[in-house]
Amino acid sequence: MKKAATTLACAMAVLALAGCKKGETSDNTPVKLEQIKPPPGGDWTQVVSQTQAGGFVMGNPNAKVKLVEFGSMTCPHCKAFDDEGVPTLVDKYVKSGQVSWEFRNYVRDAFDVAASLTVRCNGAQGFFPLMRAMYNDQQNWEKYIQATPQDQLNSMQNLPPNQQFGALAKLAHFQEWASARGISQAKIDQCLADENSINQLVQMASDATTQFPAFQGTPTFVINGTMVENVASWDKLEPALKKAVGG
């Protein structure tokens, strides 16, 4: 417990420096994707697993292009990317088998931790639907947070990690949100109190800034191990994907 509290406190001080990045515009050059034979009885979007880095990856494990997204659940620019880019990314690029998409949670604050623990609660198969649903409802649950008195928020900072994120989740109504999507009360409470998962989230964010010194905020994208600098929107990312797949 002490380790989690110390790790989180130190990490949040650092992560607070990394905010949401704004996107820019680019071209709409078409690309032709060779379709790689999907697994029997399905397609590549149904192939999902957790990675050693702590993220969740969708798509062909042997895809030519491996895209990693570092995203924050509380970041409006990440939500914009999810709204504007993810449908095409999944339906066109991931489904073709040419591109795999890994999402790594980059926690920027305590509410981000609570939201991330919630969407990760059902493991690999439930992650992407829950993550996208959380983005879809972002403006709704952030209203609950904004309506909470500051002194109440401050008092929660003194709670141990195995209580803090459950309490924060209640303010945002995450337990109710999860229950509506088939996660039992007992399970979501367990996920929100799981210190190993909390430490993993903090470590994943710390690793991002260590591995990529130019990391400036979310969303940040990495293609085949190289960070795509100054790109935070789909219309800027897609040309880099097209180039990577040879389009």
# chains A, B, ... in the order shown; residues from 1 in each chain; ligands from 1

call {"tool": "residues_around", "arguments": {"residues": "A:Gly85", "least_positions_apart": "4", "cutoff": "9 Å", "atoms": "only C-alpha atoms", "output": "compact mmCIF listing (two decimals) with N, CA and C atoms, in the first residue's frame"}}
result
# COMPACT_ATOMS: atom_id res chain seq x y z
N ALA A 80 -11.48 13.36 -29.12
CA ALA A 80 -11.67 13.80 -30.50
C ALA A 80 -11.07 12.79 -31.47
N PHE A 81 -9.88 12.26 -31.12
CA PHE A 81 -9.27 11.25 -31.98
C PHE A 81 -10.15 10.00 -32.01
N LEU A 89 -9.69 3.87 -38.51
CA LEU A 89 -8.51 3.10 -38.11
C LEU A 89 -8.85 1.63 -37.96
N VAL A 90 -9.96 1.34 -37.30
CA VAL A 90 -10.36 -0.04 -37.05
C VAL A 90 -10.91 -0.71 -38.30
N SER A 233 -3.91 14.15 -34.11
CA SER A 233 -5.25 14.03 -34.70
C SER A 233 -5.20 13.04 -35.86
N TRP A 234 -6.37 12.52 -36.20
CA TRP A 234 -6.43 11.51 -37.25
C TRP A 234 -5.96 12.04 -38.60
N ASP A 235 -6.33 13.26 -38.95
CA ASP A 235 -5.96 13.76 -40.27
C ASP A 235 -4.45 13.98 -40.40
N LEU A 237 -2.33 11.80 -38.49
CA LEU A 237 -1.79 10.47 -38.30
C LEU A 237 -1.96 9.59 -39.54
N GLU A 238 -3.10 9.71 -40.21
CA GLU A 238 -3.37 8.80 -41.33
C GLU A 238 -2.29 8.86 -42.42

call {"tool": "select_by_dssp", "arguments": {"residues": "stretch 90-168 of chain A", "states": "strand (DSSP E or B)", "output": "MDAnalysis selection string"}}
result
chainID A and resid 99:105

call {"tool": "write_last_selection", "arguments": {"atoms": "C-alpha atoms", "output": "PDB file, in the first residue's frame"}}
result
ATOM      1  CA  VAL A  99      -2.036  -2.546 -38.938  1.00  0.00           C
ATOM      2  CA  SER A 100      -2.334  -3.469 -35.276  1.00  0.00           C
ATOM      3  CA  TRP A 101      -3.455  -0.850 -32.740  1.00  0.00           C
ATOM      4  CA  GLU A 102      -2.259  -0.860 -29.167  1.00  0.00           C
ATOM      5  CA  PHE A 103      -3.748   1.547 -26.620  1.00  0.00           C
ATOM      6  CA  ARG A 104      -1.716   2.378 -23.529  1.00  0.00           C
ATOM      7  CA  ASN A 105      -3.369   4.370 -20.775  1.00  0.00           C
TER       8      ASN A 105
END

call {"tool": "closest_residue", "arguments": {"among": "A:Val113, A:Cys121, A:Cys75, A:Leu159", "to": "A:Ile198", "atoms": "only C-alpha atoms"}}
result
A:Val113

call {"tool": "residues_around", "arguments": {"residues": "A:Met134", "least_positions_apart": "6", "cutoff": "10 Å", "atoms": "only C-alpha atoms", "output": "tab-separated table (two decimals) with N, CA and C atoms, in the first residue's frame"}}
result
chain	number	residue	atom	x	y	z
A	73	MET	N	-7.83	9.17	-20.49
A	73	MET	CA	-9.29	9.14	-20.49
A	73	MET	C	-9.90	10.50	-20.21
A	74	THR	N	-9.15	11.41	-19.60
A	74	THR	CA	-9.68	12.74	-19.28
A	74	THR	C	-9.29	13.78	-20.32
A	79	LYS	N	-10.37	12.12	-26.89
A	79	LYS	CA	-11.76	11.83	-27.24
A	79	LYS	C	-12.02	12.21	-28.70
A	115	ALA	N	-10.79	6.26	-14.01
A	115	ALA	CA	-11.43	5.94	-15.30
A	115	ALA	C	-10.71	4.80	-16.00
A	116	SER	N	-9.38	4.81	-15.93
A	116	SER	CA	-8.59	3.76	-16.58
A	116	SER	C	-8.80	2.41	-15.92
A	118	THR	N	-11.42	1.48	-14.48
A	118	THR	CA	-12.78	1.07	-14.83
A	118	THR	C	-12.82	0.41	-16.20
A	119	VAL	N	-12.20	1.04	-17.20
A	119	VAL	CA	-12.29	0.49	-18.56
A	119	VAL	C	-11.42	-0.75	-18.74
A	128	PHE	N	-11.54	-2.48	-25.36
A	128	PHE	CA	-11.80	-1.48	-26.40
A	128	PHE	C	-13.24	-0.98	-26.40
A	140	ASN	N	-20.17	13.85	-19.97
A	140	ASN	CA	-21.19	13.61	-18.95
A	140	ASN	C	-20.57	13.37	-17.59
A	141	TRP	N	-19.57	12.44	-17.49
A	141	TRP	CA	-19.01	12.15	-16.18
A	141	TRP	C	-18.10	13.25	-15.67
A	174	PHE	N	-18.80	6.12	-11.82
A	174	PHE	CA	-18.21	5.04	-12.61
A	174	PHE	C	-18.77	3.66	-12.24
A	177	TRP	N	-21.93	3.38	-14.04
A	177	TRP	CA	-21.60	3.29	-15.47
A	177	TRP	C	-21.15	1.88	-15.81
A	178	ALA	N	-20.29	1.31	-14.97
A	178	ALA	CA	-19.79	-0.05	-15.21
A	178	ALA	C	-20.90	-1.08	-15.06

call {"tool": "closest_residue", "arguments": {"among": "A:Gly55, A:Gly225, A:Gly97, A:Gly246", "to": "A:Pro39", "atoms": "only C-alpha atoms"}}
result
A:Gly97

call {"tool": "residues_around", "arguments": {"residues": "A:Leu153", "least_positions_apart": "3", "cutoff": "12 Å", "atoms": "only C-alpha atoms", "output": "PyMOL selection string"}}
result
chain A and resi 110-111+144-150+156-159+164-165+167-172

call {"tool": "write_last_selection", "arguments": {"atoms": "N, CA and C atoms", "output": "PDB file, in the first residue's frame"}}
result
ATOM      1  N   ALA A 110      -5.654  11.798 -10.844  1.00  0.00           N
ATOM      2  CA  ALA A 110      -6.295  10.722 -10.087  1.00  0.00           C
ATOM      3  C   ALA A 110      -7.594  10.256 -10.731  1.00  0.00           C
ATOM      4  N   PHE A 111      -8.359  11.164 -11.302  1.00  0.00           N
ATOM      5  CA  PHE A 111      -9.594  10.759 -11.980  1.00  0.00           C
ATOM      6  C   PHE A 111      -9.277   9.921 -13.215  1.00  0.00           C
ATOM      7  N   TYR A 144     -19.964  15.672 -13.346  1.00  0.00           N
ATOM      8  CA  TYR A 144     -20.076  15.276 -11.948  1.00  0.00           C
ATOM      9  C   TYR A 144     -18.833  15.718 -11.165  1.00  0.00           C
ATOM     10  N   ILE A 145     -17.666  15.563 -11.778  1.00  0.00           N
ATOM     11  CA  ILE A 145     -16.417  15.941 -11.119  1.00  0.00           C
ATOM     12  C   ILE A 145     -16.363  17.450 -10.906  1.00  0.00           C
ATOM     13  N   GLN A 146     -16.719  18.199 -11.935  1.00  0.00           N
ATOM     14  CA  GLN A 146     -16.664  19.655 -11.861  1.00  0.00           C
ATOM     15  C   GLN A 146     -17.642  20.220 -10.833  1.00  0.00           C
ATOM     16  N   ALA A 147     -18.697  19.465 -10.551  1.00  0.00           N
ATOM     17  CA  ALA A 147     -19.698  19.926  -9.585  1.00  0.00           C
ATOM     18  C   ALA A 147     -19.317  19.608  -8.140  1.00  0.00           C
ATOM     19  N   THR A 148     -18.242  18.866  -7.931  1.00  0.00           N
ATOM     20  CA  THR A 148     -17.826  18.468  -6.584  1.00  0.00           C
ATOM     21  C   THR A 148     -17.029  19.591  -5.922  1.00  0.00           C
ATOM     22  N   PRO A 149     -17.363  19.981  -4.698  1.00  0.00           N
ATOM     23  CA  PRO A 149     -16.615  21.037  -3.988  1.00  0.00           C
ATOM     24  C   PRO A 149     -15.137  20.687  -3.872  1.00  0.00           C
ATOM     25  N   GLN A 150     -14.297  21.703  -3.986  1.00  0.00           N
ATOM     26  CA  GLN A 150     -12.857  21.478  -3.973  1.00  0.00           C
ATOM     27  C   GLN A 150     -12.377  20.882  -2.658  1.00  0.00           C
ATOM     28  N   MET A 156      -9.952  13.704  -0.377  1.00  0.00           N
ATOM     29  CA  MET A 156      -9.751  12.367  -0.938  1.00  0.00           C
ATOM     30  C   MET A 156      -8.284  12.063  -1.228  1.00  0.00           C
ATOM     31  N   GLN A 157      -7.471  13.101  -1.329  1.00  0.00           N
ATOM     32  CA  GLN A 157      -6.059  12.885  -1.611  1.00  0.00           C
ATOM     33  C   GLN A 157      -5.350  12.208  -0.444  1.00  0.00           C
ATOM     34  N   ASN A 158      -5.941  12.274   0.727  1.00  0.00           N
ATOM     35  CA  ASN A 158      -5.326  11.669   1.911  1.00  0.00           C
ATOM     36  C   ASN A 158      -5.718  10.208   2.104  1.00  0.00           C
ATOM     37  N   LEU A 159      -6.629   9.723   1.269  1.00  0.00           N
ATOM     38  CA  LEU A 159      -7.035   8.328   1.381  1.00  0.00           C
ATOM     39  C   LEU A 159      -5.958   7.417   0.796  1.00  0.00           C
ATOM     40  N   GLN A 164      -8.925   5.455  -2.358  1.00  0.00           N
ATOM     41  CA  GLN A 164      -9.023   6.744  -3.051  1.00  0.00           C
ATOM     42  C   GLN A 164      -9.749   6.656  -4.382  1.00  0.00           C
ATOM     43  N   PHE A 165      -9.398   5.651  -5.196  1.00  0.00           N
ATOM     44  CA  PHE A 165      -9.950   5.625  -6.547  1.00  0.00           C
ATOM     45  C   PHE A 165     -11.391   5.141  -6.579  1.00  0.00           C
ATOM     46  N   ALA A 167     -13.466   6.002  -4.197  1.00  0.00           N
ATOM     47  CA  ALA A 167     -14.183   7.205  -3.780  1.00  0.00           C
ATOM     48  C   ALA A 167     -14.308   8.194  -4.939  1.00  0.00           C
ATOM     49  N   LEU A 168     -13.230   8.359  -5.694  1.00  0.00           N
ATOM     50  CA  LEU A 168     -13.268   9.250  -6.849  1.00  0.00           C
ATOM     51  C   LEU A 168     -14.228   8.721  -7.909  1.00  0.00           C
ATOM     52  N   ALA A 169     -14.223   7.411  -8.085  1.00  0.00           N
ATOM     53  CA  ALA A 169     -15.121   6.797  -9.065  1.00  0.00           C
ATOM     54  C   ALA A 169     -16.583   7.043  -8.715  1.00  0.00           C
ATOM     55  N   LYS A 170     -16.887   7.042  -7.419  1.00  0.00           N
ATOM     56  CA  LYS A 170     -18.269   7.305  -6.994  1.00  0.00           C
ATOM     57  C   LYS A 170     -18.704   8.711  -7.382  1.00  0.00           C
ATOM     58  N   LEU A 171     -17.772   9.670  -7.265  1.00  0.00           N
ATOM     59  CA  LEU A 171     -18.105  11.045  -7.659  1.00  0.00           C
ATOM     60  C   LEU A 171     -18.459  11.120  -9.141  1.00  0.00           C
ATOM     61  N   ALA A 172     -17.743  10.335  -9.942  1.00  0.00           N
ATOM     62  CA  ALA A 172     -17.975  10.339 -11.392  1.00  0.00           C
ATOM     63  C   ALA A 172     -19.036   9.334 -11.820  1.00  0.00           C
TER      64      ALA A 172
END

call {"tool": "atom_distance", "arguments": {"atom1": "atom CA of A:Gln203", "atom2": "atom CA of A:Pro161"}}
result
14.9 Å

call {"tool": "residues_around", "arguments": {"residues": "A:Lys21", "least_positions_apart": "2", "cutoff": "9 Å", "atoms": "only C-alpha atoms", "output": "PyMOL selection string"}}
result
chain A and resi 18-19+23+75+77-78+216-220+230-233

call {"tool": "atom_distance", "arguments": {"atom1": "atom CA of A:Leu241", "atom2": "atom CA of A:Ala63"}}
result
12.3 Å

call {"tool": "select_by_dssp", "arguments": {"residues": "stretch 165-241 of chain A", "states": "helix (DSSP H, G or I)", "output": "JSON, numbers by chain"}}
result
{"A": [165, 166, 167, 168, 169, 170, 171, 172, 174, 175, 176, 177, 178, 179, 185, 186, 187, 188, 189, 190, 191, 192, 195, 196, 197, 198, 199, 200, 201, 202, 203, 204, 205, 206, 207, 208, 209, 210, 211, 234, 235, 236, 237, 238, 239, 240, 241]}

call {"tool": "write_last_selection", "arguments": {"atoms": "N, CA and C atoms", "output": "short mmCIF file (atom, residue, chain, number, x, y, z; two decimals), in the first residue's frame"}}
result
data_model
loop_
_atom_site.label_atom_id
_atom_site.label_comp_id
_atom_site.auth_asym_id
_atom_site.auth_seq_id
_atom_site.Cartn_x
_atom_site.Cartn_y
_atom_site.Cartn_z
N PHE A 165 -9.40 5.65 -5.20
CA PHE A 165 -9.95 5.63 -6.55
C PHE A 165 -11.39 5.14 -6.58
N GLY A 166 -11.76 4.32 -5.59
CA GLY A 166 -13.16 3.96 -5.45
C GLY A 166 -14.00 5.16 -5.09
N ALA A 167 -13.47 6.00 -4.20
CA ALA A 167 -14.18 7.21 -3.78
C ALA A 167 -14.31 8.19 -4.94
N LEU A 168 -13.23 8.36 -5.69
CA LEU A 168 -13.27 9.25 -6.85
C LEU A 168 -14.23 8.72 -7.91
N ALA A 169 -14.22 7.41 -8.09
CA ALA A 169 -15.12 6.80 -9.07
C ALA A 169 -16.58 7.04 -8.72
N LYS A 170 -16.89 7.04 -7.42
CA LYS A 170 -18.27 7.31 -6.99
C LYS A 170 -18.70 8.71 -7.38
N LEU A 171 -17.77 9.67 -7.26
CA LEU A 171 -18.10 11.04 -7.66
C LEU A 171 -18.46 11.12 -9.14
N ALA A 172 -17.74 10.33 -9.94
CA ALA A 172 -17.97 10.34 -11.39
C ALA A 172 -19.04 9.33 -11.82
N PHE A 174 -18.80 6.12 -11.82
CA PHE A 174 -18.21 5.04 -12.61
C PHE A 174 -18.77 3.66 -12.24
N GLN A 175 -19.09 3.49 -10.95
CA GLN A 175 -19.65 2.19 -10.56
C GLN A 175 -20.98 1.94 -11.27
N GLU A 176 -21.82 2.96 -11.32
CA GLU A 176 -23.11 2.83 -12.00
C GLU A 176 -22.88 2.63 -13.51
N TRP A 177 -21.93 3.38 -14.04
CA TRP A 177 -21.60 3.29 -15.47
C TRP A 177 -21.15 1.88 -15.81
N ALA A 178 -20.29 1.31 -14.97
CA ALA A 178 -19.79 -0.05 -15.21
C ALA A 178 -20.90 -1.08 -15.06
N SER A 179 -21.75 -0.90 -14.06
CA SER A 179 -22.85 -1.83 -13.84
C SER A 179 -23.78 -1.89 -15.05
N GLN A 185 -20.96 -5.00 -9.19
CA GLN A 185 -20.47 -4.07 -8.18
C GLN A 185 -19.22 -4.61 -7.50
N ALA A 186 -19.24 -5.91 -7.18
CA ALA A 186 -18.09 -6.51 -6.50
C ALA A 186 -16.85 -6.44 -7.38
N LYS A 187 -17.01 -6.69 -8.67
CA LYS A 187 -15.86 -6.70 -9.56
C LYS A 187 -15.28 -5.30 -9.76
N ILE A 188 -16.14 -4.30 -9.96
CA ILE A 188 -15.62 -2.95 -10.18
C ILE A 188 -14.97 -2.43 -8.92
N ASP A 189 -15.52 -2.76 -7.75
CA ASP A 189 -14.89 -2.35 -6.49
C ASP A 189 -13.50 -2.97 -6.35
N GLN A 190 -13.39 -4.23 -6.76
CA GLN A 190 -12.10 -4.91 -6.70
C GLN A 190 -11.10 -4.25 -7.65
N CYS A 191 -11.54 -3.93 -8.85
CA CYS A 191 -10.65 -3.30 -9.83
C CYS A 191 -10.16 -1.94 -9.35
N LEU A 192 -11.04 -1.17 -8.74
CA LEU A 192 -10.68 0.17 -8.30
C LEU A 192 -9.76 0.16 -7.09
N GLU A 195 -4.10 -2.49 -6.17
CA GLU A 195 -2.88 -1.69 -6.15
C GLU A 195 -1.87 -2.13 -7.22
N ASN A 196 -1.88 -3.39 -7.60
CA ASN A 196 -1.01 -3.83 -8.68
C ASN A 196 -1.39 -3.15 -9.99
N SER A 197 -2.70 -3.02 -10.23
CA SER A 197 -3.17 -2.34 -11.44
C SER A 197 -2.86 -0.85 -11.39
N ILE A 198 -2.98 -0.27 -10.21
CA ILE A 198 -2.65 1.15 -10.04
C ILE A 198 -1.18 1.39 -10.35
N ASN A 199 -0.33 0.55 -9.77
CA ASN A 199 1.10 0.68 -10.03
C ASN A 199 1.44 0.47 -11.49
N GLN A 200 0.72 -0.46 -12.14
CA GLN A 200 0.97 -0.72 -13.55
C GLN A 200 0.65 0.51 -14.40
N LEU A 201 -0.44 1.19 -14.08
CA LEU A 201 -0.82 2.40 -14.81
C LEU A 201 0.23 3.49 -14.65
N VAL A 202 0.66 3.68 -13.42
CA VAL A 202 1.67 4.71 -13.16
C VAL A 202 2.98 4.36 -13.86
N GLN A 203 3.36 3.08 -13.81
CA GLN A 203 4.60 2.65 -14.47
C GLN A 203 4.52 2.82 -15.98
N MET A 204 3.36 2.53 -16.54
CA MET A 204 3.18 2.64 -17.99
C MET A 204 3.37 4.10 -18.44
N ALA A 205 2.84 5.02 -17.65
CA ALA A 205 3.01 6.43 -17.98
C ALA A 205 4.46 6.87 -17.82
N SER A 206 5.10 6.41 -16.76
CA SER A 206 6.50 6.74 -16.54
C SER A 206 7.38 6.18 -17.65
N ASP A 207 7.08 4.96 -18.08
CA ASP A 207 7.85 4.34 -19.17
C ASP A 207 7.72 5.13 -20.47
N ALA A 208 6.56 5.71 -20.69
CA ALA A 208 6.33 6.47 -21.93
C ALA A 208 7.29 7.64 -22.03
N THR A 209 7.41 8.39 -20.96
CA THR A 209 8.28 9.56 -20.99
C THR A 209 9.76 9.17 -20.96
N THR A 210 10.05 8.01 -20.39
CA THR A 210 11.44 7.53 -20.39
C THR A 210 11.84 7.03 -21.77
N GLN A 211 10.96 6.25 -22.38
CA GLN A 211 11.26 5.68 -23.70
C GLN A 211 11.24 6.72 -24.80
N TRP A 234 -6.37 12.52 -36.20
CA TRP A 234 -6.43 11.51 -37.25
C TRP A 234 -5.96 12.04 -38.60
N ASP A 235 -6.33 13.26 -38.95
CA ASP A 235 -5.96 13.76 -40.27
C ASP A 235 -4.45 13.98 -40.40
N LYS A 236 -3.73 14.03 -39.29
CA LYS A 236 -2.27 14.08 -39.34
C LYS A 236 -1.65 12.69 -39.22
N LEU A 237 -2.33 11.80 -38.49
CA LEU A 237 -1.79 10.47 -38.30
C LEU A 237 -1.96 9.59 -39.54
N GLU A 238 -3.10 9.71 -40.21
CA GLU A 238 -3.37 8.80 -41.33
C GLU A 238 -2.29 8.86 -42.42
N PRO A 239 -1.77 10.02 -42.81
CA PRO A 239 -0.71 10.02 -43.81
C PRO A 239 0.52 9.23 -43.36
N ALA A 240 0.83 9.26 -42.07
CA ALA A 240 1.97 8.50 -41.56
C ALA A 240 1.69 7.00 -41.63
N LEU A 241 0.43 6.61 -41.38
CA LEU A 241 0.05 5.20 -41.50
C LEU A 241 0.13 4.75 -42.96
#

call {"tool": "closest_residue", "arguments": {"among": "A:Asn224, A:Ala193, A:Ser184, A:Glu84", "to": "A:Asn62", "atoms": "only C-alpha atoms"}}
result
A:Asn224

call {"tool": "closest_residue", "arguments": {"among": "A:Lys143, A:His173, A:Lys64, A:Arg181", "to": "A:Ser96", "atoms": "only C-alpha atoms"}}
result
A:Lys64

call {"tool": "closest_residue", "arguments": {"among": "A:Phe56, A:Phe127, A:Phe70, A:Tyr93", "to": "A:Tyr106", "atoms": "only C-alpha atoms"}}
result
A:Phe70

call {"tool": "atom_distance", "arguments": {"atom1": "atom CA of A:Phe212", "atom2": "atom CA of A:Thr226"}}
result
8.6 Å

call {"tool": "closest_residue", "arguments": {"among": "A:Gly182, A:Gly71, A:Pro87, A:Gly123", "to": "A:Ser49", "atoms": "only C-alpha atoms"}}
result
A:Gly123

call {"tool": "residues_around", "arguments": {"residues": "A:Arg120", "least_positions_apart": "5", "cutoff": "8 Å", "atoms": "only C-alpha atoms", "output": "MDAnalysis selection string"}}
result
chainID A and resid 126:127 130:131
